[in-house]
Number of protein chains: 2
Amino acid sequence: MAFDSAPGPDGPRRRATIRDVALAAGVSTSAVSKVLRSASGVSPQMHRRVSEAIDALHYRPHAGARGMRGASYTVGVMITEFSSPFQPEVAEGISMTLGDTPYQEIVVRGGTDPDHQRRSLEALFDRQVDGVVVVAPWTSQAWLEDLGRDIPTVVVARHGSSRHFDTVVSDDRRGAQLVVEHLAGLGHTRIAHTGQPSGGLRGQHVLSHTERQRGYEAAMRELGLQPDVVVTGYTEQGGYDAAHLLMGRADPPTAIFAGADIAALGVLRAADERGLRVPDDLAVAGYDDIAVAGMSRVGLTTVDESAQDTGHAAARLLIERIAGRVEPVRFVLSPKLMVRSTTLRS
Amino acid sequence: MAFDSAPGPDGPRRRATIRDVALAAGVSTSAVSKVLRSASGVSPQMHRRVSEAIDALHYRPHAGARGMRGASYTVGVMITEFSSPFQPEVAEGISMTLGDTPYQEIVVRGGTDPDHQRRSLEALFDRQVDGVVVVAPWTSQAWLEDLGRDIPTVVVARHGSSRHFDTVVSDDRRGAQLVVEHLAGLGHTRIAHTGQPSGGLRGQHVLSHTERQRGYEAAMRELGLQPDVVVTGYTEQGGYDAAHLLMGRADPPTAIFAGADIAALGVLRAADERGLRVPDDLAVAGYDDIAVAGMSRVGLTTVDESAQDTGHAAARLLIERIAGRVEPVRFVLSPKLMVRSTTLRS
DNA sequence: CTGAAAGCGCTTACAG
DNA sequence: CTGAAAGCGCTTACAG
C-alpha cells in the first residue's frame with residue numbers, strides 16, 4: 001500500500017496520519033495541513049521539511065476526514081448504466097480531464113428509475129463529494145434545482161434552462177434535422193423515426209431523445225413530409241420491435257431513422273431477418289456514433305455528438321462551479337453527420 | 001435533496017445531523033447511532049421514536065464521518081476503462097448484487113499503467129472504502145498481497161493463488177482449448193492466435209490474456225499442430241494489425257483465434273479489406289462474448305465468460321470478507337463456446 | 001436498555 | 001510565518 005508502518009507479520013498496518021507527519025517533521029499539524037492544501041503562509045524550509053516527512057512516511061490524507069471540514073477533492077458522476085455504449089464514454093472524458101487536477105472522480109450507477117437515480121445521487125452526497133455530474137436524469141426539474149443549490153452540479157444531456165446548475169447538451173434538434181435532410185436528399189419520402197418514452201418530462205426540460213424526436217418532426221414538416229414515429233425505447237430490442245412493426249405495414253417506410261445507434265442495430269437485425277437489403281430496400285440511420293457504428297460490417301450512418309468532448313466540458317464547468325461561479329452556463333455541442341453504408345450504397 | 005432545513009431563499013440548506021435527530025426524538029446521539037447500525041440493545045419504542053425523527057428530518061448519515069470510526073458502507077471498484085465492452089459489465093454485476101445490501105459501489109478508472117492503477121486504488125483507499133474489487137490489475141503480486149492485508153480485496157481476471165485476497169477468474173485455458181478444438185474439428189490446421197503483452201507478469205500470477213495464449217498453445221500441441229502467435233494487443237487496431245501481418249504471409253492461416261472479441265472485430269475489418277470471405281477464406285473466433293458479437297451482421301464465434309456472473313461472485317465474496325472471512329477463496333467460472341457464423345457457414 | 005465522554009483525522013479561525 | 005484549540009459528524013467503549 002501507500003504506507004509502511006508497524007508491519008505486523010500478517011495483519012493490517014496502521015496508516016500514517018497528519019499527526020505522524022507533524023511529529024516526524026517537528027512541526028504542528030496545522031502547518032502540515034497548510035502544506036497539504038498548498039495554502040499561503042508557509043516558509044520554504046517549512047514546506048521542505050513537511051514534504052520530506054510526507055514522502056518518508058508515504059502519508060496520504062484521509063478524504064473522509066478532510067471532507068468533514070473542507071473539500072474532499074472528489075467529484076461524483078452518475079450514469080444510468082455502466083454497460084451501455086454511450087454514457088461510459090462521457091465518464092471517460094471526465095476522468096481524463098480530471099487527471100490534471102487534484103480531483104478524483106467516483107462513478108455510480110443510477111439506472112433509469114427516477115427513485116433509484118435519486119438514491120444514487122444521495123449516496124454520492126453522503127460521501128461528501130465536492131460536486132456532481134449527472135448524466136441523463138429522469139427526475140423533476142425542481143429536484144435538480146434543489147440539488148444544484150446544495151452542491152455544485154452539472155447536468156448532461158438534458159435540455160432547457162436552469163438557475164442552479166450548468167448544462168452540457170448536444171444540439172439534438174439540429175442533429176435530427178441533419179439526418180432527415182440527408183435521407184430526403186437521397187429521395188426518401190417515407191422516413192420513420194423510432195423514439196423513446198419521454199419519461200414524464202415535458203416542456204423545455206426534456207432529455208436528448210425527446211429533442212431528437214421534435215427535431216425529426218419539425219424537419220419532416222419543413223420538407224412537406226408526414227412524420228411517422230414509433231415509440232419503443234432506446235434498446236436493441238426496441239429498435240427491432242419498431243422495425244418489424246413498421247415494415248409489416250401495407251405501405252412501409254423506405255428509411256428508418258432510429259433515435260439511438262443501439263436501436264438502429266435492432267433495426268438492422270430486423271431488416272436482415274426480413275431479407276431486406278440495406279440500403280437498397282431500407283435505409284437506416286442512428287444517433288450517437290458509438291464504436292460499433294464505424295465497424296466495416298455495420299457501417300451505420302449516424303450523428304456524432306462526441307461523448308469525450310461532452311465529458312471534458314462537463315468536468316471543466318464543474319471545476320469552475322466548485323471554484324465559486326454561480327451563474328448557470330449552458331454549453332451546446334454541435335452534432336456532425338457521419339454518412340456510411342446503411343444509407344449510401346457504395 | 002434528501003433533507004429540508006433552514007431553506008434560505010437561494011443558498012444551500014444545512015444538512016440534518018445525528019444531533020438534530022437526537023434532539024427531535026429526545027434521546028442521545030448514541031441511541032440514534034445504534035438504531036442506524038441496527039445494533040442490539042434498543043427498546044422497540046426507542047427504535048420507533050428515532051425512526052420517526054429520521055424520516056421527519058430526511059436524515060441521512062454522513063459516510064465520511066462514519067468511516068472515521070466504523071464502516072463507510074462503500075465498496076470501491078477499479079476497472080481499466082469505463083468505455084470498454086467487457087469490464088463495465090462486471091461493474092454492472094457488482095452493482096446489481098450490492099443493490100440488496102447496505103453497501104454502495106463507487107467505480108474508478110485505473111487505466112492500464114500499473115502506476116496509474118495504484119494511484120486509483122489509493123484514491124479509493126483514501127475514501128475509506130470497506131473493501132475493493134480490482135479488475136485486471138497489472139501490478140506485482142506483492143503489492144496486491146499488501147493491499148489485501150490492509151483491506152478486504154477481491155481480484156478479478158487474474159490467475160494464481162493468493163494469501164490475502166479472493167480471486168474470481170474464468171477458466172481461460174479451457175476456453176481457449178474449446179476454441180482450438182472447434183476450429184480443428186472443422187478441418188483447420190493453420191490456426192493463428194492474436195495475443196497481448198504479458199505486462200511483465202509471469203508464472204502463475206498472470207492476467208486472463210496470458211492464460212488464453214497458454215491454453216491455445218497447449219491445445220495446438222496436443223493436436224499435433226504448430227502454435228502461431230502474434231502479440232499485438234487486445235484492441236480493434238491490434239487485431240487489425242495482426243490479421244494483416246498474418247494474411248500477408250506466403251502461407252497464411254485459415255483461421256484466426258483472437259484473444260478478445262474487440263481484437264476479433266479488427267481481424268474482421270482486415271479480412272473485409274483484403275476481400276476475404278468469412279468463414280470460407282478465413283474463419284475468425286474471439287473471446288468474451290461482448291454484446292456486438294451476437295449481432296446478426298457480426299455473428300462472431302466466441303467464448304462466453306459471463307461478465308455479470310463474474311461481478312456477482314466478486315460482490316458476494318467481498319461481502320463475506322468484509323464480514324470477517326480471512327481464508328482466501330478462488331472462484332472459477334466455466335467458459336462456454338458460442339458458435340456463430342464467422343466459423344460456421346450457414 | 002440508555003447516555004455522557006472520548007476520539008477518529010482532518011481544517012479552520014484565531015492568537016502569538 | 002507558526003501553533004494551540006475547537007469542531008466537523010459520527011461510533012465506540014464504558015458507566016449507570
# chains A, B, ... in the order shown; residues from 1 in each chain; ligands from 1
>>> select_by_dssp(residues="stretch 257-334 of chain B", states="helix (DSSP H, G or I)", output="PyMOL selection string")
chain B and resi 261-273+291-294+307-322
>>> interface_residues(of="chain A", to="chain D", cutoff="7 Å", atoms="only C-alpha atoms (C1' of nucleotides)", output="ChimeraX atom specification")
/A:28,30,41-43,68-69
>>> select_by_dssp(residues="stretch 82-326 of chain A", states="strand (DSSP E or B)", output="ChimeraX atom specification")
/A:104-109,131-135,153-156,158,166-170,191-195,207,229-231,255-258,283-285,288,301-304
>>> write_last_selection(atoms="C-alpha atoms", output="PDB file, in the first residue's frame")
ATOM      1  CA  GLN A 104     -10.771  12.237  -8.285  1.00  0.00           C
ATOM      2  CA  GLU A 105     -13.950  11.020  -9.921  1.00  0.00           C
ATOM      3  CA  ILE A 106     -16.140   8.301  -8.470  1.00  0.00           C
ATOM      4  CA  VAL A 107     -18.850   6.859 -10.677  1.00  0.00           C
ATOM      5  CA  VAL A 108     -22.137   5.329  -9.585  1.00  0.00           C
ATOM      6  CA  ARG A 109     -24.946   3.649 -11.483  1.00  0.00           C
ATOM      7  CA  GLY A 131     -19.643  18.403  -6.914  1.00  0.00           C
ATOM      8  CA  VAL A 132     -21.596  16.075  -9.198  1.00  0.00           C
ATOM      9  CA  VAL A 133     -22.050  15.421 -12.887  1.00  0.00           C
ATOM     10  CA  VAL A 134     -25.441  13.895 -13.602  1.00  0.00           C
ATOM     11  CA  VAL A 135     -25.924  12.222 -16.961  1.00  0.00           C
ATOM     12  CA  THR A 153     -23.907  20.382 -10.232  1.00  0.00           C
ATOM     13  CA  VAL A 154     -23.535  19.853 -13.977  1.00  0.00           C
ATOM     14  CA  VAL A 155     -26.300  18.085 -15.883  1.00  0.00           C
ATOM     15  CA  VAL A 156     -25.550  16.307 -19.151  1.00  0.00           C
ATOM     16  CA  ARG A 158     -30.897  17.436 -20.548  1.00  0.00           C
ATOM     17  CA  ASP A 166     -24.799  24.032 -15.561  1.00  0.00           C
ATOM     18  CA  THR A 167     -25.861  22.083 -18.593  1.00  0.00           C
ATOM     19  CA  VAL A 168     -23.970  20.303 -21.364  1.00  0.00           C
ATOM     20  CA  VAL A 169     -26.042  19.191 -24.323  1.00  0.00           C
ATOM     21  CA  SER A 170     -25.671  18.391 -27.964  1.00  0.00           C
ATOM     22  CA  ILE A 191     -38.963   8.254 -43.342  1.00  0.00           C
ATOM     23  CA  ALA A 192     -39.955   6.777 -39.985  1.00  0.00           C
ATOM     24  CA  HIS A 193     -38.461   7.510 -36.580  1.00  0.00           C
ATOM     25  CA  THR A 194     -38.077   5.269 -33.523  1.00  0.00           C
ATOM     26  CA  GLY A 195     -38.313   7.093 -30.246  1.00  0.00           C
ATOM     27  CA  LEU A 207     -33.828  14.577 -22.305  1.00  0.00           C
ATOM     28  CA  VAL A 229     -42.994   7.986 -35.073  1.00  0.00           C
ATOM     29  CA  VAL A 230     -42.970   4.644 -33.270  1.00  0.00           C
ATOM     30  CA  VAL A 231     -42.088   4.904 -29.594  1.00  0.00           C
ATOM     31  CA  ALA A 255     -35.925   4.724 -44.435  1.00  0.00           C
ATOM     32  CA  ILE A 256     -35.811   4.388 -40.665  1.00  0.00           C
ATOM     33  CA  PHE A 257     -34.076   6.963 -38.503  1.00  0.00           C
ATOM     34  CA  ALA A 258     -33.549   5.345 -35.105  1.00  0.00           C
ATOM     35  CA  ALA A 283     -32.025   2.870 -45.446  1.00  0.00           C
ATOM     36  CA  VAL A 284     -31.080   3.005 -41.758  1.00  0.00           C
ATOM     37  CA  ALA A 285     -29.618   5.809 -39.673  1.00  0.00           C
ATOM     38  CA  ASP A 288     -24.579   8.774 -31.122  1.00  0.00           C
ATOM     39  CA  THR A 301     -24.904   6.308 -40.813  1.00  0.00           C
ATOM     40  CA  THR A 302     -25.300   8.295 -37.627  1.00  0.00           C
ATOM     41  CA  VAL A 303     -24.702  11.559 -35.789  1.00  0.00           C
ATOM     42  CA  ASP A 304     -21.530  12.134 -33.810  1.00  0.00           C
TER      43      ASP A 304
END
>>> interface_residues(of="chain A", to="chain B", cutoff="8 Å", atoms="only C-alpha atoms", output="JSON, numbers by chain")
{"A": [1, 2, 10, 11, 12, 13, 60, 61, 62, 63, 64, 65, 67, 68, 81, 82, 83, 85, 86, 88, 89, 91, 92, 95, 104, 105, 106, 107, 108, 109, 122, 123, 126, 127, 128, 143, 146, 147, 149, 150, 151, 265, 269, 272, 292, 295, 296, 297, 298]}
>>> residues_around(residues="A:Val35", least_positions_apart="2", cutoff="12 Å", atoms="only C-alpha atoms (C1' of nucleotides)", output="PyMOL selection string")
chain A and resi 18+21-22+27-33+37-54+61
>>> calpha_fit_and_write(fixed="chain B", moving="chain A", output="compact mmCIF listing (two decimals) with C-alpha atoms, in the first residue's frame")
# COMPACT_ATOMS: atom_id res chain seq x y z
CA MET A 1 -32.33 16.92 -1.82
CA ALA A 2 -32.90 14.40 0.88
CA PHE A 3 -33.49 16.94 3.60
CA ASP A 4 -35.13 20.25 4.12
CA SER A 5 -34.09 22.57 6.89
CA ALA A 6 -33.54 26.30 7.10
CA PRO A 7 -34.50 26.90 3.53
CA GLY A 8 -32.67 30.12 2.74
CA PRO A 9 -34.30 31.64 -0.30
CA ASP A 10 -31.41 30.62 -2.51
CA GLY A 11 -28.31 29.36 -0.76
CA PRO A 12 -27.60 25.78 0.28
CA ARG A 13 -29.54 24.34 3.17
CA ARG A 14 -28.02 22.83 6.25
CA ARG A 15 -27.99 19.10 6.34
CA ALA A 16 -29.62 17.36 9.31
CA THR A 17 -27.10 15.67 11.60
CA ILE A 18 -27.34 12.91 14.13
CA ARG A 19 -27.63 15.60 16.76
CA ASP A 20 -30.72 17.06 15.11
CA VAL A 21 -32.30 13.63 15.10
CA ALA A 22 -31.41 13.02 18.75
CA LEU A 23 -32.87 16.39 19.74
CA ALA A 24 -36.05 15.81 17.76
CA ALA A 25 -36.52 12.34 19.23
CA GLY A 26 -35.50 13.40 22.73
CA VAL A 27 -32.80 10.75 23.03
CA SER A 28 -29.02 10.58 22.97
CA THR A 29 -26.92 10.51 19.82
CA SER A 30 -25.63 7.11 20.92
CA ALA A 31 -29.14 5.80 20.75
CA VAL A 32 -29.62 7.18 17.26
CA SER A 33 -26.35 5.63 16.21
CA LYS A 34 -27.48 2.25 17.42
CA VAL A 35 -30.71 2.45 15.49
CA LEU A 36 -28.75 3.51 12.43
CA ARG A 37 -26.55 0.46 12.59
CA SER A 38 -29.44 -1.74 13.72
CA ALA A 39 -27.25 -2.68 16.68
CA SER A 40 -28.66 -4.74 19.51
CA GLY A 41 -29.85 -3.18 22.73
CA VAL A 42 -32.61 -0.81 21.70
CA SER A 43 -36.16 -0.99 22.94
CA PRO A 44 -38.94 -1.15 20.35
CA GLN A 45 -40.31 2.23 21.34
CA MET A 46 -36.86 3.85 21.19
CA HIS A 47 -36.48 2.38 17.73
CA ARG A 48 -39.82 3.79 16.68
CA ARG A 49 -39.21 7.29 18.00
CA VAL A 50 -35.80 7.51 16.39
CA SER A 51 -37.03 6.14 13.09
CA GLU A 52 -39.80 8.70 13.00
CA ALA A 53 -37.38 11.54 13.65
CA ILE A 54 -35.09 10.25 10.91
CA ASP A 55 -37.93 10.23 8.44
CA ALA A 56 -39.28 13.59 9.52
CA LEU A 57 -35.91 15.28 9.12
CA HIS A 58 -34.99 13.28 6.00
CA TYR A 59 -31.82 12.47 7.84
CA ARG A 60 -29.03 10.56 6.08
CA PRO A 61 -25.80 9.63 7.85
CA HIS A 62 -22.64 11.25 6.59
CA ALA A 63 -20.47 8.50 5.12
CA GLY A 64 -17.20 10.31 5.77
CA ALA A 65 -17.94 10.74 9.44
CA ARG A 66 -18.98 7.12 9.79
CA GLY A 67 -15.87 5.94 8.05
CA MET A 68 -13.69 7.69 10.62
CA ARG A 69 -14.70 5.22 13.30
CA GLY A 70 -16.62 2.37 11.78
CA ALA A 71 -17.72 1.25 8.34
CA SER A 72 -18.32 3.58 5.41
CA TYR A 73 -20.62 1.08 3.70
CA THR A 74 -18.80 1.80 0.49
CA VAL A 75 -17.01 -0.68 -1.73
CA GLY A 76 -14.58 0.54 -4.33
CA VAL A 77 -14.32 -0.96 -7.80
CA MET A 78 -11.41 -0.36 -10.15
CA ILE A 79 -11.71 -1.14 -13.85
CA THR A 80 -9.18 -0.22 -16.52
CA GLU A 81 -11.52 1.76 -18.79
CA PHE A 82 -15.11 2.93 -18.46
CA SER A 83 -15.65 2.66 -22.20
CA SER A 84 -14.50 -0.86 -22.89
CA PRO A 85 -16.99 -3.51 -23.91
CA PHE A 86 -16.29 -6.03 -21.15
CA GLN A 87 -15.19 -4.69 -17.78
CA PRO A 88 -18.10 -2.31 -17.19
CA GLU A 89 -20.35 -5.38 -17.34
CA VAL A 90 -18.50 -6.73 -14.35
CA ALA A 91 -19.14 -3.46 -12.54
CA GLU A 92 -22.79 -3.74 -13.53
CA GLY A 93 -22.95 -7.20 -11.96
CA ILE A 94 -21.39 -5.88 -8.78
CA SER A 95 -23.83 -2.99 -8.66
CA MET A 96 -26.83 -5.27 -9.09
CA THR A 97 -25.67 -7.63 -6.36
CA LEU A 98 -24.91 -4.80 -3.96
CA GLY A 99 -28.39 -3.41 -4.56
CA ASP A 100 -29.80 -5.72 -1.90
CA THR A 101 -27.21 -4.79 0.72
CA PRO A 102 -26.39 -1.63 2.67
CA TYR A 103 -23.25 -1.21 0.54
CA GLN A 104 -22.84 1.30 -2.26
CA GLU A 105 -20.30 0.81 -5.02
CA ILE A 106 -18.09 3.58 -6.34
CA VAL A 107 -16.17 2.93 -9.53
CA VAL A 108 -12.88 4.47 -10.59
CA ARG A 109 -10.81 4.19 -13.74
CA GLY A 110 -7.38 2.62 -13.35
CA GLY A 111 -6.03 2.67 -16.89
CA THR A 112 -3.50 0.07 -17.97
CA ASP A 113 -0.43 1.70 -16.47
CA PRO A 114 0.45 -0.03 -13.16
CA ASP A 115 1.38 3.28 -11.51
CA HIS A 116 -1.90 4.85 -12.51
CA GLN A 117 -3.75 1.79 -11.22
CA ARG A 118 -1.98 2.12 -7.90
CA ARG A 119 -2.94 5.75 -7.60
CA SER A 120 -6.54 4.93 -8.40
CA LEU A 121 -6.58 2.21 -5.77
CA GLU A 122 -5.00 4.56 -3.26
CA ALA A 123 -7.63 7.16 -4.07
CA LEU A 124 -10.23 4.54 -3.20
CA PHE A 125 -8.37 3.73 -0.02
CA ASP A 126 -8.23 7.42 0.93
CA ARG A 127 -12.00 7.44 0.67
CA GLN A 128 -12.13 4.79 3.36
CA VAL A 129 -13.89 2.10 1.39
CA ASP A 130 -14.73 -1.05 3.35
CA GLY A 131 -13.35 -3.24 0.58
CA VAL A 132 -12.27 -3.21 -3.07
CA VAL A 133 -12.81 -5.21 -6.22
CA VAL A 134 -9.87 -4.88 -8.58
CA VAL A 135 -10.40 -5.90 -12.18
CA ALA A 136 -7.35 -6.98 -14.19
CA PRO A 137 -4.56 -5.35 -12.20
CA TRP A 138 -1.20 -5.02 -13.98
CA THR A 139 0.74 -4.80 -10.78
CA SER A 140 3.06 -7.00 -8.73
CA GLN A 141 1.74 -9.85 -6.65
CA ALA A 142 3.48 -8.44 -3.58
CA TRP A 143 1.71 -5.12 -3.91
CA LEU A 144 -1.66 -6.84 -4.23
CA GLU A 145 -0.95 -9.01 -1.20
CA ASP A 146 -0.13 -5.86 0.76
CA LEU A 147 -3.36 -4.33 -0.39
CA GLY A 148 -5.20 -7.44 0.72
CA ARG A 149 -3.65 -7.22 4.16
CA ASP A 150 -4.83 -3.67 4.60
CA ILE A 151 -8.33 -4.01 3.23
CA PRO A 152 -10.76 -6.74 2.13
CA THR A 153 -9.88 -7.32 -1.52
CA VAL A 154 -11.23 -9.37 -4.43
CA VAL A 155 -9.21 -9.58 -7.63
CA VAL A 156 -10.92 -10.35 -10.93
CA ALA A 157 -9.34 -11.89 -14.06
CA ARG A 158 -6.01 -12.64 -12.51
CA HIS A 159 -4.84 -16.19 -12.11
CA GLY A 160 -2.76 -17.90 -9.47
CA SER A 161 -3.05 -18.40 -5.75
CA SER A 162 -3.18 -15.70 -3.12
CA ARG A 163 -2.87 -15.42 0.63
CA HIS A 164 -4.67 -12.21 1.46
CA PHE A 165 -7.36 -11.73 -1.17
CA ASP A 166 -10.00 -13.64 -3.09
CA THR A 167 -9.92 -14.31 -6.79
CA VAL A 168 -12.61 -14.63 -9.46
CA VAL A 169 -11.46 -15.97 -12.80
CA SER A 170 -12.80 -17.75 -15.81
CA ASP A 171 -11.02 -20.93 -16.81
CA ASP A 172 -9.27 -19.19 -19.71
CA ARG A 173 -7.12 -22.20 -20.56
CA ARG A 174 -10.19 -24.35 -21.00
CA GLY A 175 -11.93 -21.62 -23.02
CA ALA A 176 -9.00 -21.38 -25.43
CA GLN A 177 -8.99 -25.14 -25.73
CA LEU A 178 -12.67 -25.12 -26.68
CA VAL A 179 -11.97 -22.68 -29.50
CA VAL A 180 -8.99 -24.59 -30.85
CA GLU A 181 -10.85 -27.90 -30.79
CA HIS A 182 -13.82 -26.32 -32.52
CA LEU A 183 -11.64 -24.93 -35.32
CA ALA A 184 -9.61 -28.11 -35.68
CA GLY A 185 -12.84 -30.07 -35.81
CA LEU A 186 -13.82 -28.00 -38.85
CA GLY A 187 -10.64 -29.16 -40.54
CA HIS A 188 -8.40 -26.18 -39.87
CA THR A 189 -4.74 -26.93 -39.22
CA ARG A 190 -3.16 -23.50 -39.61
CA ILE A 191 -4.81 -21.68 -36.71
CA ALA A 192 -3.16 -18.46 -35.56
CA HIS A 193 -3.68 -16.61 -32.29
CA THR A 194 -3.50 -12.88 -31.52
CA GLY A 195 -2.28 -12.09 -28.06
CA GLN A 196 -1.46 -9.20 -25.76
CA PRO A 197 1.86 -8.44 -24.01
CA SER A 198 2.02 -10.08 -20.60
CA GLY A 199 2.80 -6.76 -18.94
CA GLY A 200 5.77 -8.23 -17.12
CA LEU A 201 3.59 -10.64 -15.15
CA ARG A 202 4.97 -14.15 -15.07
CA GLY A 203 4.47 -17.59 -13.58
CA GLN A 204 1.02 -18.38 -12.27
CA HIS A 205 0.04 -14.81 -11.40
CA VAL A 206 -0.91 -13.71 -14.88
CA LEU A 207 -3.90 -11.96 -16.37
CA SER A 208 -6.54 -13.69 -18.48
CA HIS A 209 -4.91 -13.01 -21.83
CA THR A 210 -1.70 -14.84 -20.91
CA GLU A 211 -3.67 -17.87 -19.80
CA ARG A 212 -5.63 -17.83 -23.04
CA GLN A 213 -2.43 -17.85 -25.03
CA ARG A 214 -1.07 -20.73 -22.95
CA GLY A 215 -4.30 -22.63 -23.39
CA TYR A 216 -4.11 -22.07 -27.13
CA GLU A 217 -0.53 -23.30 -27.32
CA ALA A 218 -1.22 -26.38 -25.21
CA ALA A 219 -4.31 -27.31 -27.21
CA MET A 220 -2.47 -26.90 -30.51
CA ARG A 221 0.40 -29.12 -29.40
CA GLU A 222 -2.00 -31.71 -28.10
CA LEU A 223 -3.50 -31.92 -31.58
CA GLY A 224 -0.07 -32.11 -33.16
CA LEU A 225 -0.44 -28.62 -34.64
CA GLN A 226 2.10 -25.81 -34.70
CA PRO A 227 1.19 -22.80 -32.49
CA ASP A 228 1.45 -19.45 -34.27
CA VAL A 229 1.11 -16.40 -32.04
CA VAL A 230 1.22 -12.72 -32.98
CA VAL A 231 1.31 -10.40 -29.99
CA THR A 232 -0.24 -7.02 -30.74
CA GLY A 233 -2.83 -6.09 -28.14
CA TYR A 234 -6.46 -6.52 -27.14
CA THR A 235 -7.72 -3.60 -29.21
CA GLU A 236 -9.52 -3.26 -32.52
CA GLN A 237 -6.32 -1.93 -34.05
CA GLY A 238 -4.30 -4.76 -32.52
CA GLY A 239 -6.49 -7.37 -34.17
CA TYR A 240 -6.43 -5.48 -37.44
CA ASP A 241 -2.63 -5.26 -37.47
CA ALA A 242 -2.21 -8.91 -36.52
CA ALA A 243 -4.55 -10.06 -39.28
CA HIS A 244 -2.80 -8.05 -41.97
CA LEU A 245 0.52 -9.39 -40.79
CA LEU A 246 -0.68 -12.98 -40.77
CA MET A 247 -2.58 -12.86 -44.06
CA GLY A 248 0.29 -11.16 -45.82
CA ARG A 249 2.42 -14.27 -45.40
CA ALA A 250 3.17 -16.73 -48.17
CA ASP A 251 1.44 -19.47 -46.22
CA PRO A 252 -1.32 -17.70 -44.29
CA PRO A 253 -3.52 -19.32 -41.64
CA THR A 254 -7.05 -20.42 -42.49
CA ALA A 255 -8.35 -19.49 -39.06
CA ILE A 256 -7.55 -16.73 -36.59
CA PHE A 257 -8.43 -17.05 -32.92
CA ALA A 258 -8.25 -13.54 -31.46
CA GLY A 259 -7.68 -13.39 -27.71
CA ALA A 260 -10.54 -10.93 -27.26
CA ASP A 261 -13.68 -10.02 -29.20
CA ILE A 262 -12.56 -6.44 -29.62
CA ALA A 263 -9.45 -7.71 -31.42
CA ALA A 264 -11.57 -10.13 -33.45
CA LEU A 265 -13.52 -7.15 -34.76
CA GLY A 266 -10.24 -5.74 -36.05
CA VAL A 267 -9.48 -9.08 -37.68
CA LEU A 268 -12.83 -8.94 -39.44
CA ARG A 269 -12.14 -5.42 -40.69
CA ALA A 270 -8.80 -6.53 -42.12
CA ALA A 271 -10.44 -9.57 -43.71
CA ASP A 272 -13.06 -7.35 -45.34
CA GLU A 273 -10.35 -5.04 -46.64
CA ARG A 274 -8.48 -7.94 -48.19
CA GLY A 275 -11.64 -9.22 -49.81
CA LEU A 276 -11.58 -12.44 -47.82
CA ARG A 277 -14.87 -14.22 -47.32
CA VAL A 278 -15.58 -15.22 -43.73
CA PRO A 279 -15.68 -18.09 -42.87
CA ASP A 280 -14.90 -19.60 -46.30
CA ASP A 281 -11.50 -17.98 -46.83
CA LEU A 282 -10.84 -17.22 -43.20
CA ALA A 283 -12.54 -18.40 -40.03
CA VAL A 284 -12.51 -15.97 -37.10
CA ALA A 285 -13.13 -16.53 -33.40
CA GLY A 286 -12.88 -14.24 -30.40
CA TYR A 287 -13.25 -14.36 -26.64
CA ASP A 288 -15.57 -12.58 -24.14
CA ASP A 289 -18.91 -12.64 -25.95
CA ILE A 290 -19.38 -8.89 -25.81
CA ALA A 291 -22.76 -7.54 -26.92
CA VAL A 292 -21.69 -6.83 -30.52
CA ALA A 293 -20.55 -10.42 -31.05
CA GLY A 294 -24.14 -11.62 -31.13
CA MET A 295 -25.30 -9.04 -33.70
CA SER A 296 -26.65 -10.58 -36.89
CA ARG A 297 -24.18 -8.64 -39.03
CA VAL A 298 -21.23 -9.75 -36.92
CA GLY A 299 -22.09 -13.26 -35.78
CA LEU A 300 -18.78 -13.78 -34.07
CA THR A 301 -17.91 -17.20 -32.70
CA THR A 302 -16.54 -16.60 -29.23
CA VAL A 303 -16.34 -17.76 -25.62
CA ASP A 304 -18.85 -16.57 -23.05
CA GLU A 305 -17.36 -15.97 -19.65
CA SER A 306 -20.36 -14.16 -18.21
CA ALA A 307 -19.24 -10.76 -17.01
CA GLN A 308 -22.39 -10.34 -14.94
CA ASP A 309 -21.81 -13.59 -13.07
CA THR A 310 -18.23 -12.56 -12.50
CA GLY A 311 -19.39 -9.32 -10.90
CA HIS A 312 -21.96 -11.16 -8.85
CA ALA A 313 -19.38 -13.61 -7.49
CA ALA A 314 -16.93 -10.82 -6.76
CA ALA A 315 -19.49 -8.83 -4.77
CA ARG A 316 -20.55 -11.88 -2.81
CA LEU A 317 -16.99 -12.83 -1.90
CA LEU A 318 -16.15 -9.27 -0.91
CA ILE A 319 -19.09 -9.06 1.46
CA GLU A 320 -18.03 -12.33 3.09
CA ARG A 321 -14.55 -10.94 3.51
CA ILE A 322 -15.79 -7.67 5.01
CA ALA A 323 -17.81 -9.82 7.41
CA GLY A 324 -14.61 -11.43 8.62
CA ARG A 325 -13.54 -14.35 6.46
CA VAL A 326 -9.76 -14.47 6.06
CA GLU A 327 -9.04 -17.71 4.18
CA PRO A 328 -8.54 -16.91 0.51
CA VAL A 329 -11.15 -18.19 -1.92
CA ARG A 330 -10.58 -18.85 -5.60
CA PHE A 331 -13.77 -18.83 -7.64
CA VAL A 332 -13.51 -20.27 -11.15
CA LEU A 333 -16.22 -19.77 -13.76
CA SER A 334 -16.66 -22.23 -16.59
CA PRO A 335 -16.39 -20.82 -20.10
CA LYS A 336 -18.95 -21.65 -22.77
CA LEU A 337 -18.29 -21.82 -26.51
CA MET A 338 -20.68 -19.73 -28.63
CA VAL A 339 -20.58 -20.92 -32.22
CA ARG A 340 -21.71 -18.36 -34.79
CA SER A 341 -21.29 -17.54 -38.45
CA THR A 342 -17.67 -16.41 -38.51
CA THR A 343 -16.56 -20.01 -38.21
CA LEU A 344 -19.57 -21.96 -39.41
CA ARG A 345 -21.18 -21.33 -42.79
CA SER A 346 -24.92 -21.47 -42.60
>>> decode(residues="stretch 62-66 of chain A", atoms="N, CA and C atoms", output="PDB file, in the first residue's frame")
ATOM      1  N   HIS A  62      -6.569  11.500   4.536  1.00  0.00           N
ATOM      2  CA  HIS A  62      -7.793  10.721   4.604  1.00  0.00           C
ATOM      3  C   HIS A  62      -8.934  11.596   4.068  1.00  0.00           C
ATOM      4  N   ALA A  63      -9.519  11.159   2.951  1.00  0.00           N
ATOM      5  CA  ALA A  63     -10.518  12.001   2.286  1.00  0.00           C
ATOM      6  C   ALA A  63     -11.743  12.250   3.166  1.00  0.00           C
ATOM      7  N   GLY A  64     -12.146  11.245   3.913  1.00  0.00           N
ATOM      8  CA  GLY A  64     -13.327  11.399   4.766  1.00  0.00           C
ATOM      9  C   GLY A  64     -13.124  12.477   5.813  1.00  0.00           C
ATOM     10  N   ALA A  65     -11.953  12.452   6.414  1.00  0.00           N
ATOM     11  CA  ALA A  65     -11.662  13.443   7.454  1.00  0.00           C
ATOM     12  C   ALA A  65     -11.582  14.848   6.861  1.00  0.00           C
ATOM     13  N   ARG A  66     -10.997  14.946   5.694  1.00  0.00           N
ATOM     14  CA  ARG A  66     -10.916  16.258   5.045  1.00  0.00           C
ATOM     15  C   ARG A  66     -12.312  16.789   4.762  1.00  0.00           C
TER      16      ARG A  66
END
